[in-house]
Amino acid sequence: MIQSIETKLKEMNITLPSSSNPAAQYTNYVIVNGIMFVSGKGPSGHPRGKLGSTYTTEEGYEFARTTGIEILAVLKDALGSLDKVKRVVKIQGFVNAEPSFEEHHKVLNGTSDLMYEVFGDKGVHARSVLGAVSVRDNLPIIVDSIFEVEE
């Protein structure tokens with residue numbers, strides 16, 4: 001028998017928070033023809049600062065991981081069950097970093113690793129990561145994501 005995603009999360013000691021509300025005139029997600037687009041999310045606790053000065057790559061990795069948990073909360077609220085996720089399609093990270101910072105990809109691994117741990121092979125995805133001179137609220141990272149889901 002296949003283990004439910006919620007059971008797997010409990011075994012991983014991950015408790016999903018309530019999904020955060022949008023800060024402006026947009027929605028947390030849109031589903032079109034079985035593809036779910038999740039609005040950009042930041043890390044739990046709303047830390048502020050840049051990678052390469054305020055935070056290390058390792059701290060950025062943890063921020064990206066907690067951002068992934070925020071994304072999972074949106075999926076759960078929207079779908080009722082994470083078992084309705086058929087595939088993680090794409091993850092895109094915007095890392096708030098100093099101009100000399102070069103480890104953006106290592107930071108975004110926090111989200112990518114989580115998606116693989118939670119969804120297995122369905123969690124392997126395409127991705128891109130960009131360095132940003134600034135992001136909203138001076139968050140260290142914002143992650144945009146796309147999923148294939150059962151409607």
# chains A, B, ... in the order shown; residues from 1 in each chain; ligands from 1
$ select_by_dssp --residues "chain A" --states "strand (DSSP E or B)" --output "VMD selection string"
chain A and resid 29 to 32 35 to 41 51 55 85 to 97 126 to 132 141 to 149
$ residues_around --residues "region 21-37 of chain A" --least-positions-apart "4" --cutoff "7 Å" --atoms "only C-alpha atoms" --output "ChimeraX atom specification"
/A:145-151
$ closest_residue --among "A:Gly123, A:Gly93, A:Gly45, A:Gly80" --to "Glu6 (chain A)" --atoms "only C-alpha atoms"
A:Gly80
$ atom_distance --atom1 "CA of Leu75 (chain A)" --atom2 "CA of His105 (chain A)"
23.8 Å
$ residues_around --residues "region 7-11 of chain A" --least-positions-apart "4" --cutoff "7 Å" --atoms "only C-alpha atoms" --output "list in words"
Gln3, Thr15 and Val118 of chain A
$ atom_distance --atom1 "CA of Glu58 (chain A)" --atom2 "CA of Leu82 (chain A)"
27.6 Å
$ atom_distance --atom1 "CA of Val74 (chain A)" --atom2 "CA of Leu16 (chain A)"
9.3 Å
